[in-house]
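**Q** Sharing coords.txt (compact mmCIF, C-alpha atoms) below.
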```txt
# COMPACT_ATOMS: atom_id res chain seq x y z
CA MET K 1 -21.68 -16.28 -0.06
CA PHE K 2 -22.20 -12.60 0.64
CA LEU K 3 -25.67 -11.26 -0.17
CA SER K 4 -26.70 -7.70 -0.78
CA ALA K 5 -30.05 -6.10 -0.39
CA PRO K 6 -32.22 -6.27 -3.51
CA PRO K 7 -30.63 -3.90 -6.00
CA ALA K 8 -32.28 -0.55 -6.59
CA ALA K 9 -32.59 0.78 -10.11
CA SER K 10 -29.13 1.98 -11.10
CA VAL K 11 -28.62 5.69 -11.56
CA THR K 12 -27.16 6.31 -15.01
CA ALA K 13 -26.34 10.00 -14.65
CA LEU K 14 -23.97 11.90 -12.40
CA PRO K 15 -25.53 13.85 -9.51
CA ARG K 16 -25.65 17.58 -10.17
CA SER K 17 -22.51 19.33 -8.96
CA TYR K 18 -19.89 21.76 -10.16
CA TYR K 19 -17.79 18.75 -11.11
CA ALA K 20 -20.54 17.15 -13.17
CA ALA K 21 -21.13 20.46 -14.95
CA THR K 22 -17.44 20.70 -15.88
CA ALA K 23 -16.74 17.00 -16.47
CA ALA K 24 -14.64 15.76 -19.34
CA PRO K 25 -16.49 13.88 -22.08
CA ARG K 26 -17.09 10.25 -21.17
CA PRO K 27 -17.96 7.43 -23.54
CA PRO K 28 -20.99 5.19 -23.07
CA ARG K 29 -20.13 2.14 -20.99
CA PRO K 30 -22.87 -0.48 -21.44
CA ALA K 31 -23.97 -2.80 -18.67
CA LEU K 32 -22.59 -6.31 -18.47
CA GLY K 33 -24.47 -8.53 -20.88
CA GLY K 34 -24.09 -12.23 -20.20
CA ASP K 35 -21.32 -14.24 -18.60
CA VAL K 36 -17.62 -13.38 -18.85
CA THR K 37 -14.35 -14.74 -17.53
CA ALA K 38 -11.51 -12.53 -16.32
CA ASP K 39 -8.36 -12.57 -14.27
CA VAL K 40 -9.80 -9.89 -11.97
CA CYS K 41 -13.26 -8.51 -11.29
CA VAL K 42 -13.25 -5.03 -9.76
CA VAL K 43 -16.39 -3.71 -8.04
CA GLY K 44 -16.68 0.08 -8.11
CA ALA K 45 -15.50 2.58 -10.72
CA GLY K 46 -14.35 5.33 -8.42
CA MET K 47 -10.75 6.32 -7.82
CA THR K 48 -9.82 3.05 -6.11
CA GLY K 49 -11.47 0.82 -8.69
CA THR K 50 -10.23 2.68 -11.75
CA ALA K 51 -6.69 2.87 -10.32
CA ALA K 52 -6.77 -0.86 -9.56
CA ALA K 53 -8.04 -1.61 -13.07
CA LEU K 54 -5.32 0.56 -14.60
CA HIS K 55 -2.48 -1.02 -12.65
CA LEU K 56 -3.81 -4.53 -13.29
CA ALA K 57 -4.37 -3.99 -17.01
CA GLU K 58 -0.89 -2.50 -17.37
CA ARG K 59 0.46 -5.74 -15.91
CA GLY K 60 -1.38 -7.69 -18.60
CA TYR K 61 -4.35 -9.01 -16.61
CA THR K 62 -7.85 -9.17 -18.07
CA VAL K 63 -10.03 -6.90 -15.94
CA HIS K 64 -13.79 -6.31 -15.80
CA VAL K 65 -15.05 -3.44 -13.62
CA LEU K 66 -18.65 -3.48 -12.35
CA GLU K 67 -20.15 -0.09 -11.50
CA GLU K 68 -23.67 0.11 -10.13
CA HIS K 69 -24.18 3.68 -11.34
CA VAL K 70 -21.68 5.56 -13.55
CA THR K 71 -17.94 6.08 -13.31
CA GLY K 72 -17.13 8.60 -10.57
CA PHE K 73 -20.67 8.52 -9.15
CA GLY K 74 -19.68 8.46 -5.46
CA ALA K 75 -17.16 10.41 -3.41
CA SER K 76 -14.60 10.12 -6.21
CA GLY K 77 -16.71 12.47 -8.30
CA ARG K 78 -18.04 14.73 -5.54
CA SER K 79 -15.30 15.24 -2.95
CA GLY K 80 -13.40 18.36 -1.99
CA GLY K 81 -10.61 17.32 -4.34
CA GLN K 82 -7.90 17.91 -1.73
CA LEU K 83 -4.69 15.95 -2.11
CA ILE K 84 -3.40 15.66 1.47
CA ALA K 85 -0.31 13.95 2.82
CA GLY K 86 -0.50 11.79 5.93
CA PHE K 87 -3.50 10.05 7.44
CA ALA K 88 -6.70 11.37 8.99
CA GLY K 89 -6.02 9.40 12.18
CA GLY K 90 -2.38 10.47 12.45
CA LEU K 91 0.16 7.77 13.24
CA GLY K 92 -0.99 6.96 16.78
CA PRO K 93 -2.96 3.84 15.74
CA VAL K 94 0.03 2.66 13.70
CA ARG K 95 2.63 3.26 16.42
CA SER K 96 0.54 1.25 18.87
CA GLN K 97 0.54 -1.79 16.57
CA LEU K 98 3.76 -1.76 14.53
CA ASP K 99 7.47 -1.55 15.30
CA PRO K 100 9.35 1.66 14.39
CA ALA K 101 10.65 0.33 11.06
CA ALA K 102 7.14 -0.70 10.00
CA VAL K 103 5.77 2.68 11.11
CA GLN K 104 8.31 4.38 8.86
CA ALA K 105 7.37 2.09 5.96
CA TYR K 106 3.68 2.81 6.55
CA TRP K 107 4.36 6.55 6.52
CA ASP K 108 6.47 6.25 3.37
CA LEU K 109 3.55 4.57 1.59
CA GLY K 110 1.36 7.52 2.54
CA VAL K 111 3.90 9.87 0.95
CA GLU K 112 4.02 7.63 -2.10
CA ALA K 113 0.23 7.97 -2.39
CA VAL K 114 0.54 11.71 -3.05
CA THR K 115 3.41 11.39 -5.51
CA LEU K 116 1.61 8.52 -7.28
CA VAL K 117 -1.37 10.77 -8.06
CA LYS K 118 0.91 13.35 -9.63
CA ASP K 119 2.74 10.66 -11.58
CA LEU K 120 -0.50 9.15 -12.92
CA ILE K 121 -1.72 12.59 -13.99
CA ARG K 122 1.52 13.29 -15.83
CA ARG K 123 1.97 9.83 -17.32
CA HIS K 124 -1.59 9.56 -18.64
CA ASP K 125 -2.04 13.26 -19.49
CA ILE K 126 -5.14 13.63 -17.28
CA ALA K 127 -6.63 17.13 -17.46
CA CYS K 128 -7.88 17.62 -13.90
CA ASP K 129 -6.68 21.10 -12.87
CA LEU K 130 -3.94 19.88 -10.52
CA VAL K 131 -2.55 22.66 -8.29
CA SER K 132 0.20 22.28 -5.69
CA GLY K 133 -0.04 23.33 -2.05
CA HIS K 134 -2.15 22.41 0.98
CA VAL K 135 -2.66 24.39 4.19
CA ASP K 136 -4.00 23.21 7.55
CA VAL K 137 -5.31 26.26 9.42
CA ALA K 138 -5.65 26.81 13.17
CA LEU K 139 -8.62 28.56 14.76
CA LYS K 140 -7.25 28.62 18.33
CA ALA K 141 -4.05 28.23 20.31
CA ARG K 142 -4.70 24.52 20.87
CA HIS K 143 -4.68 24.03 17.09
CA VAL K 144 -1.37 25.88 16.76
CA ALA K 145 0.22 23.46 19.21
CA GLU K 146 -1.20 20.53 17.23
CA LEU K 147 0.30 21.89 14.01
CA GLU K 148 3.68 22.37 15.64
CA ALA K 149 3.61 18.76 16.85
CA THR K 150 2.57 17.53 13.40
CA ALA K 151 5.37 19.44 11.69
CA ALA K 152 7.95 18.07 14.13
CA GLU K 153 6.72 14.49 13.67
CA TRP K 154 6.62 14.66 9.88
CA GLN K 155 10.11 16.15 9.78
CA ARG K 156 11.42 13.30 11.99
CA LEU K 157 9.93 10.90 9.43
CA GLY K 158 11.90 12.60 6.65
CA TYR K 159 9.15 14.75 5.14
CA ASP K 160 10.64 18.07 4.00
CA GLY K 161 9.32 21.42 2.86
CA LEU K 162 6.80 22.17 5.61
CA ASP K 163 6.40 25.74 6.82
CA LEU K 164 4.62 26.94 9.96
CA TRP K 165 2.80 30.24 9.39
CA ASP K 166 2.03 32.70 12.16
CA ARG K 167 -1.16 34.77 12.47
CA GLU K 168 0.07 37.56 10.20
CA THR K 169 1.21 35.18 7.47
CA ILE K 170 -1.96 33.11 7.34
CA ARG K 171 -4.18 36.19 7.26
CA ALA K 172 -2.12 37.54 4.38
CA ARG K 173 -2.51 34.22 2.54
CA VAL K 174 -6.15 33.37 3.36
CA ALA K 175 -8.54 36.31 3.70
CA SER K 176 -10.52 35.11 6.70
CA PRO K 177 -10.43 36.83 10.11
CA HIS K 178 -10.63 33.53 12.01
CA TYR K 179 -7.24 31.86 11.55
CA VAL K 180 -4.36 32.24 13.99
CA GLY K 181 -1.75 29.96 12.43
CA ALA K 182 -1.21 27.35 9.74
CA LEU K 183 0.97 24.53 8.45
CA TYR K 184 1.83 24.78 4.75
CA ASP K 185 2.73 21.65 2.78
CA PRO K 186 3.92 22.32 -0.78
CA GLY K 187 3.65 18.59 -1.52
CA GLY K 188 -0.12 18.50 -1.14
CA GLY K 189 -2.57 20.16 -3.49
CA HIS K 190 -5.97 19.96 -5.09
CA LEU K 191 -7.61 18.78 -8.29
CA HIS K 192 -10.91 18.19 -10.07
CA PRO K 193 -11.74 14.77 -8.58
CA LEU K 194 -14.28 13.68 -11.15
CA ASN K 195 -12.02 14.46 -14.09
CA TYR K 196 -9.16 12.66 -12.34
CA THR K 197 -11.38 9.60 -11.93
CA LEU K 198 -12.57 9.77 -15.53
CA GLY K 199 -8.95 10.10 -16.63
CA LEU K 200 -7.98 6.98 -14.69
CA ALA K 201 -10.91 5.12 -16.22
CA ALA K 202 -9.92 6.13 -19.74
CA ALA K 203 -6.31 5.11 -19.10
CA ALA K 204 -7.47 1.74 -17.74
CA GLU K 205 -9.59 1.17 -20.85
CA ARG K 206 -6.68 2.04 -23.13
CA ALA K 207 -4.67 -0.57 -21.25
CA GLY K 208 -7.39 -3.16 -21.90
CA ALA K 209 -9.77 -3.03 -18.92
CA VAL K 210 -13.54 -3.13 -19.52
CA ILE K 211 -15.91 -1.01 -17.41
CA HIS K 212 -19.59 -1.97 -17.14
CA GLU K 213 -21.83 0.83 -15.85
CA GLY K 214 -25.34 0.24 -14.55
CA THR K 215 -24.20 -3.15 -13.26
CA PRO K 216 -24.57 -3.69 -9.49
CA MET K 217 -23.00 -6.65 -7.77
CA GLN K 218 -25.75 -8.76 -6.20
CA THR K 219 -23.73 -11.61 -4.71
CA PHE K 220 -20.26 -13.03 -4.81
CA GLU K 221 -18.99 -16.44 -3.84
CA GLU K 222 -15.47 -17.77 -3.50
CA THR K 223 -14.76 -21.07 -5.23
CA ARG K 224 -11.76 -23.36 -5.00
CA ASP K 225 -9.83 -21.41 -7.64
CA GLY K 226 -11.48 -17.99 -7.79
CA VAL K 227 -14.67 -16.01 -7.38
CA VAL K 228 -18.09 -15.91 -9.05
CA VAL K 229 -19.76 -12.49 -9.06
CA ARG K 230 -23.44 -12.28 -9.97
CA THR K 231 -25.23 -9.21 -11.33
CA PRO K 232 -28.72 -8.69 -12.79
CA HIS K 233 -27.21 -8.97 -16.27
CA GLY K 234 -24.81 -11.90 -15.99
CA THR K 235 -21.87 -13.26 -14.05
CA VAL K 236 -18.14 -12.67 -13.90
CA ARG K 237 -15.91 -15.64 -13.12
CA ALA K 238 -12.51 -14.40 -12.04
CA ARG K 239 -9.39 -15.52 -10.23
CA TRP K 240 -9.56 -12.43 -8.02
CA LEU K 241 -12.23 -10.04 -6.77
CA VAL K 242 -11.26 -6.50 -5.76
CA LEU K 243 -13.91 -4.61 -3.76
CA CYS K 244 -13.66 -0.84 -4.22
CA GLY K 245 -17.15 0.36 -3.30
CA ASN K 246 -16.10 2.24 -0.14
CA ALA K 247 -19.20 3.82 1.51
CA TYR K 248 -21.51 2.01 -0.89
CA LEU K 249 -20.51 -1.46 0.34
CA TRP K 250 -21.23 -1.15 4.04
CA ARG K 251 -24.60 -2.89 3.71
CA THR K 252 -23.73 -5.06 0.71
CA VAL K 253 -20.79 -6.79 2.37
CA PRO K 254 -21.51 -7.02 6.12
CA ALA K 255 -18.18 -8.69 6.87
CA ILE K 256 -16.37 -5.42 6.14
CA GLY K 257 -19.27 -2.98 6.40
CA ALA K 258 -19.31 -3.21 10.21
CA ARG K 259 -15.93 -1.44 10.30
CA ILE K 260 -16.85 1.57 8.17
CA MET K 261 -19.55 4.19 8.48
CA PRO K 262 -20.89 6.29 5.59
CA VAL K 263 -20.86 9.95 6.62
CA GLY K 264 -22.47 12.79 4.70
CA THR K 265 -20.50 15.87 3.74
CA TYR K 266 -21.57 18.86 1.66
CA ILE K 267 -20.03 21.40 -0.72
CA VAL K 268 -21.14 24.62 -2.37
CA GLY K 269 -19.64 26.44 -5.31
CA THR K 270 -19.96 30.20 -5.62
CA ALA K 271 -20.47 32.15 -8.79
CA PRO K 272 -17.17 32.97 -10.54
CA LEU K 273 -15.27 35.59 -8.54
CA GLY K 274 -12.83 36.64 -11.21
CA ALA K 275 -9.10 35.97 -11.01
CA ALA K 276 -8.19 38.98 -8.89
CA ARG K 277 -10.89 38.52 -6.26
CA ALA K 278 -10.26 34.78 -6.07
CA ARG K 279 -6.54 35.26 -5.50
CA ALA K 280 -7.32 37.90 -2.87
CA LEU K 281 -9.11 35.15 -0.94
CA ILE K 282 -6.36 32.50 -1.23
CA SER K 283 -3.28 34.21 -2.59
CA GLY K 284 -1.30 31.04 -3.26
CA ASN K 285 -4.26 29.03 -4.59
CA GLU K 286 -3.70 26.26 -2.04
CA ALA K 287 -6.28 23.83 -0.72
CA VAL K 288 -7.25 24.75 2.84
CA THR K 289 -8.56 22.62 5.72
CA ASP K 290 -9.27 23.74 9.28
CA LEU K 291 -8.44 21.68 12.37
CA ASN K 292 -11.89 21.31 13.89
CA PHE K 293 -13.08 17.72 14.23
CA VAL K 294 -16.17 18.71 12.24
CA LEU K 295 -14.05 20.60 9.79
CA ASN K 296 -14.45 23.02 6.90
CA TYR K 297 -12.36 22.71 3.74
CA PHE K 298 -12.16 24.91 0.68
CA ARG K 299 -10.22 25.79 -2.45
CA LEU K 300 -10.51 27.74 -5.68
CA SER K 301 -11.66 26.15 -8.92
CA ALA K 302 -9.96 26.63 -12.26
CA ASP K 303 -12.64 29.17 -13.23
CA HIS K 304 -12.15 31.19 -10.01
CA ARG K 305 -15.06 29.97 -7.89
CA LEU K 306 -14.72 29.19 -4.22
CA LEU K 307 -15.60 25.54 -3.56
CA PHE K 308 -16.42 25.34 0.16
CA GLY K 309 -17.22 22.12 2.02
CA GLY K 310 -18.05 20.91 5.50
CA ARG K 311 -21.12 20.33 7.69
CA VAL K 312 -20.58 16.62 8.27
CA SER K 313 -23.74 14.57 8.90
CA TYR K 314 -23.16 11.47 11.01
CA SER K 315 -26.88 10.74 11.13
CA ARG K 316 -27.10 10.69 7.31
CA VAL K 317 -30.02 13.12 7.60
CA GLU K 318 -29.42 15.77 4.96
CA PRO K 319 -29.96 19.48 5.62
CA ARG K 320 -33.26 20.80 4.34
CA SER K 321 -31.27 23.10 2.05
CA VAL K 322 -27.62 22.26 1.45
CA ALA K 323 -27.12 25.61 -0.29
CA ALA K 324 -28.54 27.67 2.58
CA ALA K 325 -26.82 25.69 5.33
CA MET K 326 -23.42 25.78 3.68
CA ALA K 327 -23.73 29.39 2.57
CA ARG K 328 -24.10 30.44 6.21
CA THR K 329 -20.86 28.70 7.12
CA LEU K 330 -19.08 30.08 4.06
CA HIS K 331 -20.12 33.63 4.88
CA ARG K 332 -19.00 33.29 8.51
CA THR K 333 -15.60 32.20 7.21
CA PHE K 334 -15.42 34.84 4.47
CA PRO K 335 -17.69 37.77 5.42
CA ASP K 336 -16.64 39.67 2.29
CA LEU K 337 -18.44 37.07 0.15
CA ALA K 338 -21.85 37.73 1.71
CA GLY K 339 -23.28 39.08 -1.53
CA VAL K 340 -21.86 36.39 -3.81
CA PRO K 341 -24.48 33.84 -4.92
CA VAL K 342 -24.07 30.10 -4.51
CA GLU K 343 -24.52 28.43 -7.92
CA TYR K 344 -23.88 24.80 -6.99
CA ALA K 345 -24.68 22.77 -3.89
CA TRP K 346 -24.26 19.02 -3.49
CA GLY K 347 -23.38 16.32 -1.02
CA GLY K 348 -22.37 12.70 -0.76
CA TYR K 349 -20.89 10.05 1.48
CA VAL K 350 -17.38 9.22 2.52
CA ALA K 351 -16.49 6.12 4.55
CA ILE K 352 -14.79 6.59 7.90
CA THR K 353 -13.30 4.06 10.30
CA ILE K 354 -13.22 4.31 14.10
CA ASN K 355 -9.49 5.09 14.14
CA ARG K 356 -9.67 7.17 10.91
CA MET K 357 -7.04 4.96 9.26
CA PRO K 358 -7.65 3.27 5.88
CA HIS K 359 -8.98 -0.28 6.13
CA PHE K 360 -7.28 -2.82 3.84
CA GLY K 361 -7.78 -6.57 3.99
CA ARG K 362 -8.90 -9.88 2.53
CA LEU K 363 -12.09 -11.93 2.56
CA GLY K 364 -11.11 -15.50 1.90
CA ARG K 365 -8.30 -16.43 -0.47
CA HIS K 366 -9.33 -14.52 -3.59
CA THR K 367 -11.06 -11.32 -2.42
CA LEU K 368 -9.33 -8.04 -1.54
CA PHE K 369 -10.77 -4.76 -0.29
CA ALA K 370 -9.57 -1.25 0.55
CA HIS K 371 -11.80 1.50 1.89
CA GLY K 372 -12.41 3.80 4.86
CA PHE K 373 -10.03 6.54 3.71
CA SER K 374 -11.70 8.97 6.14
CA GLY K 375 -11.28 12.13 4.08
CA HIS K 376 -7.82 11.39 2.63
CA GLY K 377 -9.08 9.44 -0.33
CA VAL K 378 -7.74 11.52 -3.23
CA GLY K 379 -4.27 10.16 -2.57
CA LEU K 380 -4.82 6.89 -0.72
CA THR K 381 -7.32 5.48 -3.23
CA SER K 382 -4.83 5.38 -6.08
CA LEU K 383 -2.26 3.79 -3.79
CA ALA K 384 -4.83 1.20 -2.72
CA GLY K 385 -5.46 0.29 -6.34
CA LYS K 386 -1.74 -0.10 -6.97
CA LEU K 387 -1.19 -2.25 -3.87
CA MET K 388 -4.08 -4.57 -4.71
CA ALA K 389 -2.65 -5.02 -8.19
CA GLU K 390 0.65 -5.97 -6.54
CA VAL K 391 -1.13 -8.68 -4.50
CA VAL K 392 -2.62 -10.18 -7.67
CA ALA K 393 0.89 -10.21 -9.13
CA GLY K 394 2.22 -12.08 -6.10
CA GLN K 395 3.76 -9.12 -4.24
CA ALA K 396 1.67 -8.76 -1.09
CA GLU K 397 4.10 -7.23 1.40
CA ARG K 398 3.09 -3.58 0.99
CA PHE K 399 -0.65 -4.31 0.97
CA ASP K 400 -0.26 -6.54 4.01
CA LEU K 401 1.44 -3.74 5.93
CA PHE K 402 -1.79 -1.75 5.70
CA ALA K 403 -3.83 -4.87 6.42
CA ARG K 404 -1.95 -5.41 9.70
CA ILE K 405 -3.70 -2.43 11.29
CA ARG K 406 -6.63 -3.70 13.37
CA HIS K 407 -10.01 -2.05 12.91
CA LEU K 408 -12.80 -2.32 15.44
CA PRO K 409 -16.43 -2.56 14.31
CA PHE K 410 -18.68 0.38 15.06
CA PRO K 411 -20.66 -0.51 18.18
CA GLY K 412 -24.42 -0.95 18.20
CA GLY K 413 -25.02 -3.16 15.20
CA ARG K 414 -27.21 -2.00 12.34
CA LEU K 415 -29.92 -0.51 14.56
CA LEU K 416 -27.88 1.46 17.10
CA ARG K 417 -24.57 2.24 15.40
CA THR K 418 -25.78 5.49 13.85
CA PRO K 419 -27.41 6.90 17.05
CA LEU K 420 -24.32 5.95 19.08
CA LEU K 421 -22.02 7.64 16.56
CA VAL K 422 -24.15 10.80 16.54
CA ALA K 423 -24.00 10.95 20.34
CA ALA K 424 -20.23 10.46 20.35
CA MET K 425 -19.72 13.13 17.70
CA MET K 426 -21.63 15.69 19.76
CA ALA K 427 -18.79 15.60 22.27
CA HIS K 428 -16.35 16.44 19.51
CA ARG K 429 -18.58 19.26 18.29
CA VAL K 430 -18.64 20.73 21.79
CA ARG K 431 -14.83 20.56 21.90
CA ASP K 432 -14.69 22.40 18.54
CA TRP K 433 -16.68 25.23 20.11
CA LEU K 434 -14.36 25.57 23.12
```
Take the structure in this file and express it as structure tokens.

**A**
Amino acid sequence: MFLSAPPAASVTALPRSYYAATAAPRPPRPALGGDVTADVCVVGAGMTGTAAALHLAERGYTVHVLEEHVTGFGASGRSGGQLIAGFAGGLGPVRSQLDPAAVQAYWDLGVEAVTLVKDLIRRHDIACDLVSGHVDVALKARHVAELEATAAEWQRLGYDGLDLWDRETIRARVASPHYVGALYDPGGGHLHPLNYTLGLAAAAERAGAVIHEGTPMQTFEETRDGVVVRTPHGTVRARWLVLCGNAYLWRTVPAIGARIMPVGTYIVGTAPLGAARARALISGNEAVTDLNFVLNYFRLSADHRLLFGGRVSYSRVEPRSVAAAMARTLHRTFPDLAGVPVEYAWGGYVAITINRMPHFGRLGRHTLFAHGFSGHGVGLTSLAGKLMAEVVAGQAERFDLFARIRHLPFPGGRLLRTPLLVAAMMAHRVRDWL
């Protein structure tokens, strides 16, 4: 049996953000009331959980989703919304553990993750402001060399369409004085992450899944032929349990929580800039990410705001003022926006792993999990949901390829893991400054 801490009162509203302010209508989803039986119980109604529920329900399984707060409450409803190919940890951890054919298959699944998002949006008519194009930007010569190596590796793996931009090109495309090169990927992009999540949830419900908000998982226990999940409002008896809580499960499920760390990240949204001024900032309307370890990322919204994120907190101590702290970084990046007010400021947690690769696996015979997307969750979450649905249907090969990657626990246990991580990250911050 896996026990959580005593449940806190569930939050039944979305945290304030630009995404919450522009969210699609969402129906009431009452808490679980009593005991139910299902083929699959999914914990977490973010991108992973709603995608899993959708793929399972489309296969004809009965699915109940338990969400402690509301659909899209966590990173799925607060992230930068960047749809990025590849993996945050590169392919080094994969090459060290898999043979070349398996490395290629692993990479191909990462590519499928991006195309799957676009397919789900088209197939289910999800209005989430999808825009094509992603740019990694270099701030120094070392970064340019890294981008050249990345482009060469991706091209060897069969990924086409990449374009390396020199200093003149990137400064014509992104109006910041700091960038000296870039790698453009037309296959990436950006979207409204909360509306994408809400769209997946609605599609899952149309397919027959049931989502219970305000329903935290307290315990779960594997039985001979399934799983029993207990909540404050009743139980779910299911043949399978699919854990999709990501950063919110690191304390609840210690067996997997030791291998992820919740990390704070923050975003601000400016006042509307108008179409002309917005396009003067990012002429192609791509999503942009810099190559620092403690990185900044930004994009334009559908109503011509700049959404600018960064300032990672490994200590989980939030800035005294997210708006003020992030505005300083934004204005250093775009000095011409110094007089533009910040109208939204918010933060949240993403789950990282030591090697920055997604962590997939099993707990016992009937429990699956996928988390630790390390900043690449907009694509990889939907793929994770699809692969877990395949396992339930008896097709485990693709899920097990991800599960073959070993993940070390963060050192230090519960008391020292955060201080040790903060100390280690300071070295990376120093390298960013050099």

**Q** So that I can see what lies close to region 71-88 of chain K, please list as a CSV table (one decimal) with C-alpha atoms, keeping the file's coordinate frame the residues with an atom at most 8 Å from it, counting all atoms listed in the file and leaving out residues fewer than 2 positions away in the same chain.

**A**
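Saved as out-v2.csv:
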```
chain,number,residue,atom,x,y,z
K,14,LEU,CA,-24.0,11.9,-12.4
K,15,PRO,CA,-25.5,13.8,-9.5
K,17,SER,CA,-22.5,19.3,-9.0
K,19,TYR,CA,-17.8,18.8,-11.1
K,20,ALA,CA,-20.5,17.2,-13.2
K,45,ALA,CA,-15.5,2.6,-10.7
K,46,GLY,CA,-14.4,5.3,-8.4
K,47,MET,CA,-10.8,6.3,-7.8
K,67,GLU,CA,-20.2,-0.1,-11.5
K,69,HIS,CA,-24.2,3.7,-11.3
K,90,GLY,CA,-2.4,10.5,12.4
K,91,LEU,CA,0.2,7.8,13.2
K,107,TRP,CA,4.4,6.6,6.5
K,110,GLY,CA,1.4,7.5,2.5
K,111,VAL,CA,3.9,9.9,1.0
K,113,ALA,CA,0.2,8.0,-2.4
K,114,VAL,CA,0.5,11.7,-3.0
K,134,HIS,CA,-2.2,22.4,1.0
K,187,GLY,CA,3.6,18.6,-1.5
K,188,GLY,CA,-0.1,18.5,-1.1
K,189,GLY,CA,-2.6,20.2,-3.5
K,190,HIS,CA,-6.0,20.0,-5.1
K,191,LEU,CA,-7.6,18.8,-8.3
K,192,HIS,CA,-10.9,18.2,-10.1
K,193,PRO,CA,-11.7,14.8,-8.6
K,194,LEU,CA,-14.3,13.7,-11.2
K,195,ASN,CA,-12.0,14.5,-14.1
K,197,THR,CA,-11.4,9.6,-11.9
K,198,LEU,CA,-12.6,9.8,-15.5
K,201,ALA,CA,-10.9,5.1,-16.2
K,213,GLU,CA,-21.8,0.8,-15.8
K,267,ILE,CA,-20.0,21.4,-0.7
K,287,ALA,CA,-6.3,23.8,-0.7
K,297,TYR,CA,-12.4,22.7,3.7
K,298,PHE,CA,-12.2,24.9,0.7
K,307,LEU,CA,-15.6,25.5,-3.6
K,308,PHE,CA,-16.4,25.3,0.2
K,309,GLY,CA,-17.2,22.1,2.0
K,346,TRP,CA,-24.3,19.0,-3.5
K,347,GLY,CA,-23.4,16.3,-1.0
K,348,GLY,CA,-22.4,12.7,-0.8
K,349,TYR,CA,-20.9,10.0,1.5
K,350,VAL,CA,-17.4,9.2,2.5
K,356,ARG,CA,-9.7,7.2,10.9
K,357,MET,CA,-7.0,5.0,9.3
K,373,PHE,CA,-10.0,6.5,3.7
K,374,SER,CA,-11.7,9.0,6.1
K,375,GLY,CA,-11.3,12.1,4.1
K,376,HIS,CA,-7.8,11.4,2.6
K,378,VAL,CA,-7.7,11.5,-3.2
K,379,GLY,CA,-4.3,10.2,-2.6
```

**Q** Between K:Ser132, K:Ser382, K:Thr235, K:Ser176, which is the closest to Leu120 (chain K) once you count all atoms listed in the file?

**A**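 Closest to Leu120 (chain K), using all atoms listed in the file: K:Ser382.
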
**Q** Fewer than 6 positions away in the same chain doesn't count, so skip those; otherwise give me all residues within 12 Å of Leu66 (chain K), counting only C-alpha atoms, as a PyMOL selection string.

**A** chain K and resi 10+29-33+36+40-46+49-50+53+209-218+229-236+241-245

**Q** How many Å lie between CA of Arg305 (chain K) and CA of His124 (chain K), rounded to one decimal?

**A** 26.7 Å

**Q** Between CA of His359 (chain K) and CA of Val70 (chain K), what is the spacing in Å?

**A**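 Answer for the CA of Val70 (chain K) to CA of His359 (chain K) separation: 24.1 Å.
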
**Q** Calculate how many Å separate CA of Asp129 (chain K) from CA of Ala302 (chain K), rounding to one decimal.

**A**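 Taking CA of Asp129 (chain K) and CA of Ala302 (chain K), their separation equals 6.5 Å.
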
**Q** Please identify all polymer residues within 10 Å of Pro409 (chain K), counting only C-alpha atoms, omitting same-chain residues fewer than 5 positions from it, and present them as a list in words.

**A**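 That gives Ala255, Ile256, Gly257, Ala258, Arg259, Ile260, Met261, Thr353, Ile354 and Arg417 of chain K.
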
**Q** Which polymer residues have any atom within 10 Å of an atom of Tyr61 (chain K), counting all atoms listed in the file, with same-chain residues fewer than 5 positions away left out, as a list in words?

**A**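 Once the nearby chain positions are removed, what remains is Ala38, Asp39, Val40, Ala53, Leu54, His55, Leu56, Ala207, Gly208, Ala209, Ala389, Val392 and Ala393 of chain K.
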
**Q** Smallest atom-to-atom distance to Val180 (chain K): which of K:Gly199, K:Leu109, K:Leu249, K:Leu291, using only C-alpha atoms?

**A**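 With only C-alpha atoms as the atom set, the closest residue is K:Leu291.
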
**Q** List as a list of chain:residue names: which residues have an atom within 9 Å of (-5.8, 14.0, -20.1), counting all atoms listed in the file?

**A** K:Ile121, K:Arg122, K:His124, K:Asp125, K:Ile126, K:Ala127, K:Cys128, K:Asn195, K:Tyr196, K:Gly199, K:Ala202, K:Ala203

**Q** Got a sec: who's within 10 Å of Arg279 (chain K), counting all atoms listed in the file, leaving out chain neighbours fewer than 4 positions off, as a PyMOL selection string?

**A** chain K and resi 173-175+273-275+283-285+300+304
